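Source file: start.txt (compact mmCIF, C-alpha atoms)
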# COMPACT_ATOMS: atom_id res chain seq x y z
CA MET A 1 2.06 -7.43 91.13
CA LYS A 2 0.66 -9.58 88.34
CA GLY A 3 -0.74 -11.98 90.93
CA THR A 4 -2.51 -9.13 92.72
CA MET A 5 -4.04 -7.86 89.46
CA THR A 6 -5.17 -11.39 88.61
CA MET A 7 -6.87 -11.80 91.99
CA ARG A 8 -8.58 -8.42 91.60
CA GLY A 9 -9.79 -9.45 88.14
CA ILE A 10 -11.19 -12.70 89.51
CA GLY A 11 -12.87 -10.76 92.29
CA VAL A 12 -14.55 -8.39 89.82
CA VAL A 13 -15.80 -11.30 87.71
CA PHE A 14 -17.09 -13.09 90.82
CA LEU A 15 -18.97 -10.03 92.05
CA THR A 16 -20.49 -9.44 88.60
CA VAL A 17 -21.69 -13.02 88.34
CA ALA A 18 -23.02 -12.89 91.89
CA CYS A 19 -25.15 -9.86 90.92
CA ILE A 20 -26.73 -11.65 87.98
CA GLN A 21 -30.13 -13.04 88.93
CA PRO A 22 -32.52 -14.98 86.71
CA VAL A 23 -35.89 -13.35 86.29
CA ARG A 24 -38.54 -15.71 87.67
CA ALA A 25 -42.26 -15.70 87.03
CA LEU A 26 -44.10 -15.30 90.31
CA GLY A 27 -44.30 -18.59 92.17
CA GLN A 28 -42.33 -20.56 89.57
CA ASP A 29 -39.61 -23.08 90.29
CA LEU A 30 -37.93 -25.76 88.19
CA ALA A 31 -41.07 -27.91 88.27
CA ASP A 32 -43.19 -25.12 86.84
CA TYR A 33 -42.35 -25.27 83.12
CA ASP A 34 -45.93 -25.26 81.87
CA TYR A 35 -47.72 -23.77 78.86
CA GLU A 36 -50.50 -22.69 81.23
CA ASN A 37 -48.16 -19.93 82.41
CA LEU A 38 -48.19 -18.32 78.95
CA SER A 39 -50.39 -15.40 77.92
CA LEU A 40 -49.94 -12.34 75.73
CA ARG A 41 -48.63 -9.67 78.07
CA GLY A 42 -46.73 -7.21 75.87
CA ILE A 43 -45.68 -6.02 72.43
CA SER A 44 -42.45 -4.59 70.98
CA PHE A 45 -41.64 -2.56 67.89
CA ALA A 46 -38.13 -2.56 66.44
CA THR A 47 -36.06 -1.29 63.56
CA GLY A 48 -32.54 -2.15 62.54
CA ARG A 49 -30.25 -3.29 59.78
CA ILE A 50 -29.24 -6.66 58.40
CA PHE A 51 -25.89 -7.57 56.87
CA PRO A 52 -26.46 -10.59 54.58
CA ASN A 53 -24.00 -12.64 52.57
CA ASN A 54 -25.73 -12.49 49.16
CA VAL A 55 -27.96 -9.41 49.15
CA GLU A 56 -27.11 -5.80 49.90
CA SER A 57 -27.30 -4.58 53.50
CA THR A 58 -30.72 -3.16 54.21
CA ASP A 59 -33.15 -1.95 56.87
CA VAL A 60 -35.46 -4.34 58.70
CA LEU A 61 -38.71 -3.70 60.57
CA GLY A 62 -40.22 -6.01 63.14
CA VAL A 63 -42.85 -6.52 65.79
CA ARG A 64 -42.65 -9.15 68.51
CA PHE A 65 -45.08 -10.39 71.15
CA ASP A 66 -44.25 -11.20 74.76
CA LEU A 67 -46.00 -14.42 75.81
CA GLY A 68 -44.51 -14.38 79.30
CA PHE A 69 -42.46 -17.04 81.04
CA LEU A 70 -42.75 -20.73 80.26
CA GLY A 71 -40.47 -21.46 83.22
CA PRO A 72 -38.00 -19.68 85.53
CA GLY A 73 -36.38 -16.92 83.48
CA PHE A 74 -37.38 -18.53 80.15
CA ARG A 75 -39.78 -16.53 77.99
CA LEU A 76 -41.29 -17.13 74.56
CA ILE A 77 -41.25 -14.33 71.98
CA PRO A 78 -43.00 -14.85 68.62
CA GLY A 79 -42.53 -12.13 66.03
CA VAL A 80 -42.94 -10.91 62.46
CA SER A 81 -40.26 -9.04 60.47
CA TYR A 82 -39.81 -7.74 56.94
CA TRP A 83 -36.95 -6.54 54.78
CA THR A 84 -36.38 -5.83 51.09
CA SER A 85 -33.07 -5.46 49.27
CA THR A 86 -31.15 -6.07 46.03
CA MET A 87 -29.09 -9.14 45.16
CA THR A 88 -25.35 -8.56 45.01
CA GLN A 89 -23.81 -8.59 41.54
CA SER A 90 -21.75 -11.66 42.39
CA GLN A 91 -24.90 -13.54 43.38
CA VAL A 92 -26.67 -12.43 40.21
CA GLY A 93 -23.67 -13.72 38.23
CA ARG A 94 -23.93 -17.12 39.91
CA LEU A 95 -27.65 -17.22 39.12
CA GLU A 96 -26.94 -16.38 35.47
CA SER A 97 -24.46 -19.28 35.34
CA ARG A 98 -27.06 -21.64 36.78
CA VAL A 99 -29.67 -20.52 34.25
CA ASP A 100 -27.14 -20.87 31.38
CA ALA A 101 -26.27 -24.40 32.52
CA LEU A 102 -29.94 -25.35 32.85
CA ASN A 103 -30.72 -23.88 29.44
CA GLY A 104 -27.78 -25.73 27.87
CA SER A 105 -28.85 -29.06 29.40
CA GLN A 106 -32.19 -28.66 27.63
CA GLY A 107 -30.63 -27.94 24.23
CA GLY A 108 -31.00 -24.17 24.36
CA SER A 109 -28.39 -21.62 23.39
CA PRO A 110 -27.42 -18.44 25.26
CA PRO A 111 -28.69 -15.11 23.91
CA PRO A 112 -26.27 -12.92 21.92
CA GLY A 113 -23.87 -11.21 24.31
CA GLY A 114 -24.66 -13.66 27.11
CA LEU A 115 -27.45 -13.81 29.65
CA ASP A 116 -28.02 -10.58 31.57
CA LEU A 117 -30.61 -10.74 34.37
CA GLY A 118 -30.05 -7.12 35.36
CA THR A 119 -31.05 -5.96 38.83
CA ILE A 120 -32.92 -8.45 41.00
CA ASP A 121 -34.77 -7.43 44.14
CA ARG A 122 -35.36 -9.79 47.05
CA SER A 123 -37.67 -9.46 50.02
CA ASP A 124 -38.34 -11.61 53.05
CA LEU A 125 -41.34 -11.88 55.36
CA ILE A 126 -40.23 -13.70 58.51
CA VAL A 127 -42.41 -15.38 61.13
CA SER A 128 -40.33 -16.42 64.12
CA LEU A 129 -40.56 -18.03 67.55
CA ASP A 130 -37.69 -17.29 69.93
CA GLY A 131 -36.91 -18.71 73.34
CA GLN A 132 -34.93 -16.36 75.58
CA TYR A 133 -33.42 -16.67 79.05
CA LEU A 134 -33.63 -13.35 80.89
CA TRP A 135 -31.31 -12.24 83.69
CA SER A 136 -31.23 -9.16 85.88
CA VAL A 137 -27.72 -7.68 85.70
CA PRO A 138 -25.97 -4.69 87.32
CA LEU A 139 -26.81 -1.09 86.38
CA GLY A 140 -30.53 -1.89 86.42
CA LEU A 141 -30.41 -3.71 83.09
CA PHE A 142 -31.76 -7.02 81.84
CA PHE A 143 -29.63 -9.33 79.70
CA TRP A 144 -31.13 -12.03 77.49
CA ALA A 145 -29.77 -14.77 75.28
CA GLY A 146 -31.50 -17.50 73.34
CA ALA A 147 -32.28 -19.16 70.04
CA GLY A 148 -35.23 -19.46 67.71
CA LEU A 149 -36.85 -20.98 64.67
CA SER A 150 -38.34 -19.04 61.76
CA ALA A 151 -40.28 -19.40 58.54
CA HIS A 152 -39.03 -17.23 55.66
CA PHE A 153 -41.30 -16.26 52.77
CA LEU A 154 -38.77 -15.08 50.18
CA ASN A 155 -39.73 -13.25 47.01
CA GLY A 156 -37.63 -12.29 43.99
CA SER A 157 -38.46 -9.79 41.27
CA GLY A 158 -36.85 -7.90 38.42
CA ALA A 159 -37.58 -6.64 34.91
CA SER A 160 -35.77 -9.61 33.34
CA VAL A 161 -37.13 -12.34 35.61
CA ASP A 162 -40.77 -11.43 36.30
CA GLY A 163 -43.11 -14.07 34.93
CA THR A 164 -40.29 -16.52 34.14
CA PHE A 165 -39.09 -19.74 35.75
CA VAL A 166 -36.22 -17.71 37.28
CA GLU A 167 -38.75 -15.86 39.41
CA ASP A 168 -40.11 -19.25 40.48
CA LEU A 169 -36.59 -20.21 41.58
CA LEU A 170 -36.31 -17.06 43.66
CA ASP A 171 -39.74 -17.35 45.30
CA SER A 172 -39.51 -19.86 48.13
CA VAL A 173 -40.51 -20.73 51.66
CA GLY A 174 -37.76 -21.97 53.96
CA ALA A 175 -37.02 -22.72 57.60
CA GLY A 176 -34.37 -20.76 59.46
CA PHE A 177 -32.51 -20.93 62.75
CA ASN A 178 -31.06 -18.10 64.83
CA VAL A 179 -29.04 -17.35 67.94
CA GLN A 180 -29.36 -14.01 69.68
CA ALA A 181 -28.54 -11.85 72.69
CA GLY A 182 -29.34 -8.37 73.90
CA LEU A 183 -29.86 -5.84 76.68
CA GLU A 184 -33.04 -4.19 77.95
CA TYR A 185 -33.20 -0.89 79.79
CA PRO A 186 -36.41 -0.38 81.80
CA ILE A 187 -37.54 3.20 81.26
CA SER A 188 -40.33 2.28 83.66
CA ASP A 189 -41.79 -0.98 84.96
CA ARG A 190 -43.78 -1.43 81.76
CA VAL A 191 -41.75 0.36 79.09
CA ARG A 192 -38.30 -0.88 78.00
CA LEU A 193 -35.71 0.13 75.45
CA TYR A 194 -33.84 -2.86 74.05
CA GLY A 195 -31.28 -3.80 71.45
CA GLY A 196 -28.97 -6.55 70.36
CA PRO A 197 -27.66 -8.79 67.58
CA LYS A 198 -29.15 -11.89 66.01
CA PHE A 199 -27.41 -14.33 63.68
CA GLU A 200 -29.81 -15.92 61.20
CA LEU A 201 -29.11 -19.00 59.09
CA LEU A 202 -31.36 -19.94 56.15
CA GLY A 203 -29.89 -22.30 53.56
CA ASP A 204 -27.36 -20.30 51.53
CA LEU A 205 -28.60 -17.01 53.04
CA THR A 206 -27.02 -15.94 56.33
CA TYR A 207 -26.97 -12.56 57.97
CA VAL A 208 -26.33 -10.58 61.14
CA ASP A 209 -29.38 -8.63 62.29
CA LEU A 210 -28.84 -5.60 64.57
CA ARG A 211 -31.97 -4.01 66.05
CA VAL A 212 -33.18 -1.52 68.62
CA GLY A 213 -36.76 -1.32 69.81
CA LEU A 214 -39.29 -0.33 72.41
CA SER A 215 -41.36 -2.77 74.48
CA PHE A 216 -44.69 -2.17 76.19
CA ILE A 217 -45.90 -4.58 78.89
CA TRP A 218 -49.45 -4.65 80.24
CA GLY A 219 -49.51 -8.14 81.77
CA SER A 220 -48.19 -9.42 85.08
CA LEU A 221 -44.54 -8.76 85.85
CA ALA A 222 -42.29 -11.62 86.91
CA GLN A 223 -40.30 -11.63 90.14
CA GLY A 224 -37.27 -9.41 89.57
CA GLU A 225 -38.76 -7.41 86.67
CA ALA A 226 -40.06 -4.45 88.68
CA ARG A 227 -37.84 -1.37 88.82

Spit out the file's structure as structure tokens when you get a sec.
Amino acid sequence: MKGTMTMRGIGVVFLTVACIQPVRALGQDLADYDYENLSLRGISFATGRIFPNNVESTDVLGVRFDLGFLGPGFRLIPGVSYWTSTMTQSQVGRLESRVDALNGSQGGSPPPGGLDLGTIDRSDLIVSLDGQYLWSVPLGLFFWAGAGLSAHFLNGSGASVDGTFVEDLLDSVGAGFNVQAGLEYPISDRVRLYGGPKFELLGDLTYVDLRVGLSFIWGSLAQGEAR
């Protein structure tokens, strides 16, 4: 009985994999990875929520641009996103300790009652470039997975830190890396609903980013994209 169930399970997996087909730009094969294939062919708008390790969970807004397929099934997606949130109290406490230590190393003394930085807001403007492999899967869906690089323009502000060197510590530009996956549902050939997770790593800031969005395509469709 167990053997029969195992064979059925293997059969289901085999049939599912057999139905997965890479989306291919028209006329492309493995020798056709070329930047000349790229052109702006669509735009997407998304909203979602991020779950960071040292700021409070918050909403995120983003727009991304479909540059088409660099090679068989491999597309390039640059984008811009923005979020704003508040530092967690534990992170503010660690920052206060750093400032106290820095002040002490320079001969200063802590203020009466200890240093209190209060509430600190953080925001991030993100410019990203993602590479995604796109497959056609059962139920008329597309599945994609990939990775990307990003530039983060972080800003910190608060009543106790504005105009001080602490604000300078919080304002920074850094490079990030992400891995991602998602599903797309074609409402029509040129309109798609999509969603999925992204894991972003930026120095001591990491977060899971969950988004849903709507894509609009006006450029040429690749082989396997039409519905």

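Between atom CA of Leu183 of chain A and atom CA of Gly219 of chain A the separation is 20.4 Å.
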
Q. Got a sec to check which residues sit within 9 Å of (-30.7, -24.5, 53.4), counting all atoms listed in the file, and write them as JSON, numbers by chain?
A. {"A": [174, 175, 176, 201, 202, 203, 204, 205]}

Take the residues from that selection and write them out as a PDB file, in the coordinates of the input, keeping C-alpha atoms.
ATOM      1  CA  GLY A 174     -37.760 -21.970  53.960  1.00  0.00           C
ATOM      2  CA  ALA A 175     -37.020 -22.720  57.600  1.00  0.00           C
ATOM      3  CA  GLY A 176     -34.370 -20.760  59.460  1.00  0.00           C
ATOM      4  CA  LEU A 201     -29.110 -19.000  59.090  1.00  0.00           C
ATOM      5  CA  LEU A 202     -31.360 -19.940  56.150  1.00  0.00           C
ATOM      6  CA  GLY A 203     -29.890 -22.300  53.560  1.00  0.00           C
ATOM      7  CA  ASP A 204     -27.360 -20.300  51.530  1.00  0.00           C
ATOM      8  CA  LEU A 205     -28.600 -17.010  53.040  1.00  0.00           C
TER       9      LEU A 205
END

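The spacing separating atom CA of Ser188 of chain A from atom CA of Phe216 of chain A amounts to 9.7 Å.
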
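Here the question is which of A:Ile77, A:Leu149, A:Leu210, A:Met87 gets nearest to Leu170 of chain A using all atoms listed in the file, and that residue is A:Met87.
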
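Reported to one decimal place, the separation of atom CA of Gly146 of chain A from atom CA of Leu134 of chain A is 8.9 Å.
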
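Summary of the local environment: counting only C-alpha atoms, residues at most 10 Å from Gly131 of chain A, other than itself and those fewer than 2 positions away along its chain, are Phe69, Leu70, Phe74, Arg75, Leu76, Ile77, Pro78, Leu129, Tyr133, Leu134, Trp144, Ala145, Gly146, Ala147, Gly148, Leu149, Val179 and Gln180 of chain A.
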
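Residue nearest Trp135 of chain A within the list A:Glu225, A:Glu36, A:Asp66, A:Asp59: A:Glu225 [criterion: smallest interatomic distance, only C-alpha atoms].
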
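With only C-alpha atoms as the atoms that count, the minimum distance from Asp130 of chain A to the choices A:Val80, A:Val60, A:Leu214, A:Ile187 is reached by A:Val80.
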
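When all atoms listed in the file are used to compute distances to Gly213 of chain A, the closest of the residues A:Arg64, A:Arg122, A:His152, A:Arg227 turns out to be A:Arg64.
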
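Distance annotation: of A:Leu154, A:Leu67, A:Val127, A:Val191, the residue with the minimal separation from Ala226 of chain A is A:Val191; atom set is all atoms listed in the file.
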
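Distance annotation: of A:Asn178, A:Ser215, A:Asp121, A:Thr58, the residue with the minimal separation from Phe199 of chain A is A:Asn178; atom set is all atoms listed in the file.
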
Find the axis-aligned box for segment 56-74 of chain A, covering all its listed atoms and adding 8 Å on each side, and write its centre and edge lengths in Å to one decimal as lines of an AutoDock Vina configuration file.
center_x = -36.6
center_y = -11.7
center_z = 67.7
size_x = 34.9
size_y = 35.5
size_z = 51.6

Q: Write out as an NGL selection string which residues come within 12 Å of Thr84 of chain A when counting all atoms listed in the file, dropping same-chain ones fewer than 3 positions away.
A: :A and (49-50 or 52 or 55-61 or 81 or 87 or 120-126 or 153-157)

Selected residues written out, C-alpha atoms, as a PDB file, keeping the file's coordinate frame:
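out_11.pdb was written with the following content:
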ATOM      1  CA  ARG A  49     -30.250  -3.290  59.780  1.00  0.00           C
ATOM      2  CA  ILE A  50     -29.240  -6.660  58.400  1.00  0.00           C
ATOM      3  CA  PRO A  52     -26.460 -10.590  54.580  1.00  0.00           C
ATOM      4  CA  VAL A  55     -27.960  -9.410  49.150  1.00  0.00           C
ATOM      5  CA  GLU A  56     -27.110  -5.800  49.900  1.00  0.00           C
ATOM      6  CA  SER A  57     -27.300  -4.580  53.500  1.00  0.00           C
ATOM      7  CA  THR A  58     -30.720  -3.160  54.210  1.00  0.00           C
ATOM      8  CA  ASP A  59     -33.150  -1.950  56.870  1.00  0.00           C
ATOM      9  CA  VAL A  60     -35.460  -4.340  58.700  1.00  0.00           C
ATOM     10  CA  LEU A  61     -38.710  -3.700  60.570  1.00  0.00           C
ATOM     11  CA  SER A  81     -40.260  -9.040  60.470  1.00  0.00           C
ATOM     12  CA  MET A  87     -29.090  -9.140  45.160  1.00  0.00           C
ATOM     13  CA  ILE A 120     -32.920  -8.450  41.000  1.00  0.00           C
ATOM     14  CA  ASP A 121     -34.770  -7.430  44.140  1.00  0.00           C
ATOM     15  CA  ARG A 122     -35.360  -9.790  47.050  1.00  0.00           C
ATOM     16  CA  SER A 123     -37.670  -9.460  50.020  1.00  0.00           C
ATOM     17  CA  ASP A 124     -38.340 -11.610  53.050  1.00  0.00           C
ATOM     18  CA  LEU A 125     -41.340 -11.880  55.360  1.00  0.00           C
ATOM     19  CA  ILE A 126     -40.230 -13.700  58.510  1.00  0.00           C
ATOM     20  CA  PHE A 153     -41.300 -16.260  52.770  1.00  0.00           C
ATOM     21  CA  LEU A 154     -38.770 -15.080  50.180  1.00  0.00           C
ATOM     22  CA  ASN A 155     -39.730 -13.250  47.010  1.00  0.00           C
ATOM     23  CA  GLY A 156     -37.630 -12.290  43.990  1.00  0.00           C
ATOM     24  CA  SER A 157     -38.460  -9.790  41.270  1.00  0.00           C
TER      25      SER A 157
END

My structure is short of atoms at segment 115-133 of chain A; please model N, CA and C atoms there, returning them as a PDB file, keeping the file's coordinate frame.
ATOM      1  N   LEU A 115     -26.260 -14.058  28.846  1.00  0.00           N
ATOM      2  CA  LEU A 115     -27.450 -13.810  29.650  1.00  0.00           C
ATOM      3  C   LEU A 115     -27.193 -12.661  30.621  1.00  0.00           C
ATOM      4  N   ASP A 116     -28.118 -11.718  30.658  1.00  0.00           N
ATOM      5  CA  ASP A 116     -28.020 -10.580  31.570  1.00  0.00           C
ATOM      6  C   ASP A 116     -29.362 -10.438  32.298  1.00  0.00           C
ATOM      7  N   LEU A 117     -29.369 -10.807  33.585  1.00  0.00           N
ATOM      8  CA  LEU A 117     -30.610 -10.740  34.370  1.00  0.00           C
ATOM      9  C   LEU A 117     -30.849  -9.364  34.969  1.00  0.00           C
ATOM     10  N   GLY A 118     -29.866  -8.468  34.851  1.00  0.00           N
ATOM     11  CA  GLY A 118     -30.050  -7.120  35.360  1.00  0.00           C
ATOM     12  C   GLY A 118     -30.110  -7.069  36.877  1.00  0.00           C
ATOM     13  N   THR A 119     -30.878  -6.133  37.379  1.00  0.00           N
ATOM     14  CA  THR A 119     -31.050  -5.960  38.830  1.00  0.00           C
ATOM     15  C   THR A 119     -32.178  -6.838  39.335  1.00  0.00           C
ATOM     16  N   ILE A 120     -31.921  -7.563  40.410  1.00  0.00           N
ATOM     17  CA  ILE A 120     -32.920  -8.450  41.000  1.00  0.00           C
ATOM     18  C   ILE A 120     -33.155  -8.038  42.443  1.00  0.00           C
ATOM     19  N   ASP A 121     -34.393  -7.777  42.769  1.00  0.00           N
ATOM     20  CA  ASP A 121     -34.770  -7.430  44.140  1.00  0.00           C
ATOM     21  C   ASP A 121     -35.201  -8.685  44.893  1.00  0.00           C
ATOM     22  N   ARG A 122     -34.914  -8.696  46.193  1.00  0.00           N
ATOM     23  CA  ARG A 122     -35.360  -9.790  47.050  1.00  0.00           C
ATOM     24  C   ARG A 122     -35.995  -9.207  48.304  1.00  0.00           C
ATOM     25  N   SER A 123     -37.028  -9.868  48.776  1.00  0.00           N
ATOM     26  CA  SER A 123     -37.670  -9.460  50.020  1.00  0.00           C
ATOM     27  C   SER A 123     -37.955 -10.701  50.850  1.00  0.00           C
ATOM     28  N   ASP A 124     -38.149 -10.492  52.133  1.00  0.00           N
ATOM     29  CA  ASP A 124     -38.340 -11.610  53.050  1.00  0.00           C
ATOM     30  C   ASP A 124     -39.329 -11.224  54.133  1.00  0.00           C
ATOM     31  N   LEU A 125     -40.394 -11.996  54.247  1.00  0.00           N
ATOM     32  CA  LEU A 125     -41.340 -11.880  55.360  1.00  0.00           C
ATOM     33  C   LEU A 125     -41.033 -13.030  56.309  1.00  0.00           C
ATOM     34  N   ILE A 126     -40.723 -12.712  57.559  1.00  0.00           N
ATOM     35  CA  ILE A 126     -40.230 -13.700  58.510  1.00  0.00           C
ATOM     36  C   ILE A 126     -41.211 -13.837  59.667  1.00  0.00           C
ATOM     37  N   VAL A 127     -41.598 -15.061  59.948  1.00  0.00           N
ATOM     38  CA  VAL A 127     -42.410 -15.380  61.130  1.00  0.00           C
ATOM     39  C   VAL A 127     -41.535 -16.230  62.038  1.00  0.00           C
ATOM     40  N   SER A 128     -41.307 -15.773  63.257  1.00  0.00           N
ATOM     41  CA  SER A 128     -40.330 -16.420  64.120  1.00  0.00           C
ATOM     42  C   SER A 128     -40.917 -16.767  65.487  1.00  0.00           C
ATOM     43  N   LEU A 129     -40.265 -17.700  66.154  1.00  0.00           N
ATOM     44  CA  LEU A 129     -40.560 -18.030  67.550  1.00  0.00           C
ATOM     45  C   LEU A 129     -39.234 -18.201  68.263  1.00  0.00           C
ATOM     46  N   ASP A 130     -38.956 -17.297  69.208  1.00  0.00           N
ATOM     47  CA  ASP A 130     -37.690 -17.290  69.930  1.00  0.00           C
ATOM     48  C   ASP A 130     -37.902 -17.673  71.386  1.00  0.00           C
ATOM     49  N   GLY A 131     -36.952 -18.420  71.920  1.00  0.00           N
ATOM     50  CA  GLY A 131     -36.910 -18.710  73.340  1.00  0.00           C
ATOM     51  C   GLY A 131     -35.729 -17.978  73.948  1.00  0.00           C
ATOM     52  N   GLN A 132     -35.980 -17.197  75.004  1.00  0.00           N
ATOM     53  CA  GLN A 132     -34.930 -16.360  75.580  1.00  0.00           C
ATOM     54  C   GLN A 132     -34.862 -16.556  77.095  1.00  0.00           C
ATOM     55  N   TYR A 133     -33.648 -16.722  77.613  1.00  0.00           N
ATOM     56  CA  TYR A 133     -33.420 -16.670  79.050  1.00  0.00           C
ATOM     57  C   TYR A 133     -33.099 -15.234  79.427  1.00  0.00           C
TER      58      TYR A 133
END
